[in-house]
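Let me begin by presenting the structure, written as structure tokens, before commenting on it.
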Amino acid sequence: MRVKYHFLPKQQVTFCKINDSGEEALHIMNETGFRAIPVLAEDEKKFMGIIYKVDLLEKKCNSGLEKLSTEHMLEDSSAFIFEKDSFFRAFYVIRRLPFLAVLNDYNEFVGILTHSNIFDVIEDSFGMRTGGYILTIATQDCKGTIKELGTLLKAFNIGGLFTLDNGDQYIRRVIVNITDELNEKKIKKLIEKIERKGFRVSHVDYI
């Protein structure tokens, strides 16, 4: 899964340029409500870094912003990822940042990857967009578990599947989204079928 399918394109991104004044950058953030925005070179192609509203406000209180350009308040110039990169790399890089700049093969700025983009992917993995029953199934972490569970659920439409506790020696939770319309009797029968095979359904949600 690549970054290129899950980021906010440049046309939808609020940014400022390297020679903009601090006052201009602060005005942009006051107007849009953003706490941080990317800073681009004057040609609007090269990513230069991130500017933060808190830094602008602090500087304004101390010495004023009129004579300062955004160049003097840049941070996180390495906060970028390439659109061809694996999406999962973003999990490790974005933790302390408000977003990551996304660059193309020519090192040109093409958009940003936000925490919201990452949550959208996680939400889709859970099957939140399709609705249905979400079963939390506890099982021992051993080979063939997912295959056996798949056999038990082969008659149903699976909208999403997610595993937790990876690496735990004793137990793993498998989150399964079943999109079929099931009444209370059918879902109870399904749970009994699953638990007869040694699994434990610890929680059921309907979305």
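Here's how to read the names in the structure tokens: chain A, B, ... by the order shown, residue numbers from 1 in each chain, ligand numbers from 1 in the order shown.
Within region 77-150 of chain A, residues classed as strand (DSSP E) by DSSP on backbone coordinates are Phe80, Ile81, Phe82, Phe99, Leu100, Ala101, Val102, Leu103, Phe109, Val110, Gly111, Ile112, Leu113, Thr114, Tyr133, Ile134, Leu135, Thr136, Ile137, Ala138 and Thr139 of chain A.
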(request) Within 9 Å of Gly131 (chain A), counting only C-alpha atoms, which residues show up once you throw out same-chain ones fewer than 3 positions away? Write them as a PyMOL selection string, please. (result) chain A and resi 127-128+134+159+177-179+206-207
Write to file, as a PDB file, in the first residue's frame, the residues of the selection just made, with N, CA and C atoms.
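And here's out_14.pdb as it stands now:
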```pdb
ATOM      1  N   GLY A 127     -13.609  -1.855   8.779  1.00  0.00           N
ATOM      2  CA  GLY A 127     -14.875  -1.993   8.079  1.00  0.00           C
ATOM      3  C   GLY A 127     -15.925  -1.014   8.551  1.00  0.00           C
ATOM      4  N   MET A 128     -15.492   0.124   9.106  1.00  0.00           N
ATOM      5  CA  MET A 128     -16.428   1.093   9.670  1.00  0.00           C
ATOM      6  C   MET A 128     -17.334   1.711   8.605  1.00  0.00           C
ATOM      7  N   ILE A 134     -19.321  -6.042  14.338  1.00  0.00           N
ATOM      8  CA  ILE A 134     -17.884  -6.160  14.577  1.00  0.00           C
ATOM      9  C   ILE A 134     -17.670  -7.095  15.755  1.00  0.00           C
ATOM     10  N   GLY A 159     -16.296  -7.446   5.816  1.00  0.00           N
ATOM     11  CA  GLY A 159     -16.026  -6.063   5.419  1.00  0.00           C
ATOM     12  C   GLY A 159     -14.684  -5.555   5.891  1.00  0.00           C
ATOM     13  N   ASN A 177     -15.283  -7.675  10.823  1.00  0.00           N
ATOM     14  CA  ASN A 177     -16.512  -6.968  10.492  1.00  0.00           C
ATOM     15  C   ASN A 177     -17.338  -7.804   9.521  1.00  0.00           C
ATOM     16  N   ILE A 178     -18.532  -8.189   9.936  1.00  0.00           N
ATOM     17  CA  ILE A 178     -19.450  -8.966   9.093  1.00  0.00           C
ATOM     18  C   ILE A 178     -20.557  -8.037   8.620  1.00  0.00           C
ATOM     19  N   THR A 179     -20.658  -7.866   7.315  1.00  0.00           N
ATOM     20  CA  THR A 179     -21.583  -6.872   6.770  1.00  0.00           C
ATOM     21  C   THR A 179     -22.982  -7.419   6.474  1.00  0.00           C
ATOM     22  N   TYR A 206     -22.384  -3.327  16.993  1.00  0.00           N
ATOM     23  CA  TYR A 206     -23.128  -3.149  15.743  1.00  0.00           C
ATOM     24  C   TYR A 206     -22.972  -1.700  15.311  1.00  0.00           C
ATOM     25  N   ILE A 207     -22.529  -1.482  14.074  1.00  0.00           N
ATOM     26  CA  ILE A 207     -22.337  -0.115  13.581  1.00  0.00           C
ATOM     27  C   ILE A 207     -23.161   0.122  12.314  1.00  0.00           C
TER      28      ILE A 207
END
```
(message) Just want the 9 Å neighbourhood of Lys10 (chain A), counted on only C-alpha atoms, with same-chain residues fewer than 4 positions away dropped. Output as JSON, numbers by chain.
(response) {"A": [14, 109, 110, 111, 112]}
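Proximity to Ile122 (chain A) was assessed for A:Ile94, A:Leu161, A:Ala36, A:Val201 counting only C-alpha atoms; the smallest distance is recorded for A:Leu161.
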(request) Tell me which protein, DNA and RNA residues are within 9 Å of Asp85 (chain A), counting only C-alpha atoms, leaving out same-chain ones fewer than 4 positions away, and put them as an MDAnalysis selection string. (result) chainID A and resid 1:4 81 89:90
Can I get the selection written as a PDB file, in the first residue's frame, with N, CA and C atoms?
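selection22.pdb written:
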```pdb
ATOM      1  N   MET A   1       0.851  -1.188   0.000  1.00  0.00           N
ATOM      2  CA  MET A   1       0.000   0.000   0.000  1.00  0.00           C
ATOM      3  C   MET A   1       0.892   1.247   0.000  1.00  0.00           C
ATOM      4  N   ARG A   2       0.670   2.118  -0.954  1.00  0.00           N
ATOM      5  CA  ARG A   2       1.520   3.283  -1.145  1.00  0.00           C
ATOM      6  C   ARG A   2       0.896   4.562  -0.582  1.00  0.00           C
ATOM      7  N   VAL A   3       1.759   5.492  -0.210  1.00  0.00           N
ATOM      8  CA  VAL A   3       1.319   6.791   0.287  1.00  0.00           C
ATOM      9  C   VAL A   3       0.482   7.515  -0.760  1.00  0.00           C
ATOM     10  N   LYS A   4       0.802   7.327  -2.041  1.00  0.00           N
ATOM     11  CA  LYS A   4       0.187   8.095  -3.129  1.00  0.00           C
ATOM     12  C   LYS A   4      -1.331   7.963  -3.194  1.00  0.00           C
ATOM     13  N   ILE A  81       7.805  12.559   3.257  1.00  0.00           N
ATOM     14  CA  ILE A  81       7.775  11.168   2.820  1.00  0.00           C
ATOM     15  C   ILE A  81       7.494  11.190   1.322  1.00  0.00           C
ATOM     16  N   ARG A  89       5.259   3.093   6.531  1.00  0.00           N
ATOM     17  CA  ARG A  89       6.417   3.855   7.005  1.00  0.00           C
ATOM     18  C   ARG A  89       5.966   5.118   7.732  1.00  0.00           C
ATOM     19  N   ALA A  90       4.835   5.649   7.317  1.00  0.00           N
ATOM     20  CA  ALA A  90       4.324   6.882   7.918  1.00  0.00           C
ATOM     21  C   ALA A  90       4.022   6.711   9.402  1.00  0.00           C
TER      22      ALA A  90
END
```
(message) Quick check for you: according to DSSP on this backbone, which residues of region 20-137 of chain A are classed as helix (DSSP H, G or I)? Reply as a ChimeraX atom specification.
(response) /A:22-32,53-62,70-73,89-93,115-126
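We find CA of Glu31 (chain A) and CA of Asp120 (chain A) to be spaced 25.8 Å apart.
Among the candidate residues A:Glu108, A:Glu192, A:Glu66, A:Glu23, the one lying nearest to Lys46 (chain A) is A:Glu108, with distances computed using only C-alpha atoms.
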Residue neighbourhood Ile171 (chain A), 10 Å, only C-alpha atoms, exclusion window fewer than 6 positions, as a PDB file with N, CA and C atoms, in the first residue's frame:
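The result, stored in around-v4.pdb:
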```
ATOM      1  N   ALA A 138     -11.048 -13.551  20.654  1.00  0.00           N
ATOM      2  CA  ALA A 138      -9.781 -13.865  21.319  1.00  0.00           C
ATOM      3  C   ALA A 138      -9.362 -15.282  20.955  1.00  0.00           C
ATOM      4  N   THR A 139      -8.081 -15.429  20.648  1.00  0.00           N
ATOM      5  CA  THR A 139      -7.576 -16.740  20.253  1.00  0.00           C
ATOM      6  C   THR A 139      -6.115 -16.876  20.653  1.00  0.00           C
ATOM      7  N   GLN A 140      -5.637 -18.084  20.724  1.00  0.00           N
ATOM      8  CA  GLN A 140      -4.217 -18.303  20.963  1.00  0.00           C
ATOM      9  C   GLN A 140      -3.441 -17.962  19.695  1.00  0.00           C
ATOM     10  N   ASP A 141      -2.252 -17.433  19.883  1.00  0.00           N
ATOM     11  CA  ASP A 141      -1.438 -17.043  18.737  1.00  0.00           C
ATOM     12  C   ASP A 141      -0.683 -18.256  18.205  1.00  0.00           C
ATOM     13  N   CYS A 142      -1.271 -18.913  17.218  1.00  0.00           N
ATOM     14  CA  CYS A 142      -0.624 -20.092  16.643  1.00  0.00           C
ATOM     15  C   CYS A 142      -0.908 -20.150  15.140  1.00  0.00           C
ATOM     16  N   LEU A 164      -4.919  -7.581  16.699  1.00  0.00           N
ATOM     17  CA  LEU A 164      -4.252  -6.841  17.767  1.00  0.00           C
ATOM     18  C   LEU A 164      -3.401  -7.806  18.587  1.00  0.00           C
ATOM     19  N   ASP A 165      -2.552  -7.250  19.440  1.00  0.00           N
ATOM     20  CA  ASP A 165      -1.674  -8.046  20.320  1.00  0.00           C
ATOM     21  C   ASP A 165      -0.668  -8.870  19.527  1.00  0.00           C
TER      22      ASP A 165
END
```
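The closest residue to Phe119 (chain A), picked from A:Lys17, A:His6, A:Lys53, A:Lys59 and counting only C-alpha atoms, is A:His6.
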(request) Please provide the set of residues having any atom within 7 Å of region 180-187 of chain A, restricted to only C-alpha atoms, with same-chain residues fewer than 3 positions apart removed, written as a VMD selection string. (result) chain A and resid 132 156 to 157 190 to 191
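Using only C-alpha atoms, the protein and nucleic acid residues lying no more than 10 Å from Leu153 (chain A), apart from those fewer than 4 places from it along its own chain, are Lys147, Glu148, Leu149, Asn157, Ile158, Val176, Ile178, Leu190, Lys193 and Ile194 of chain A.
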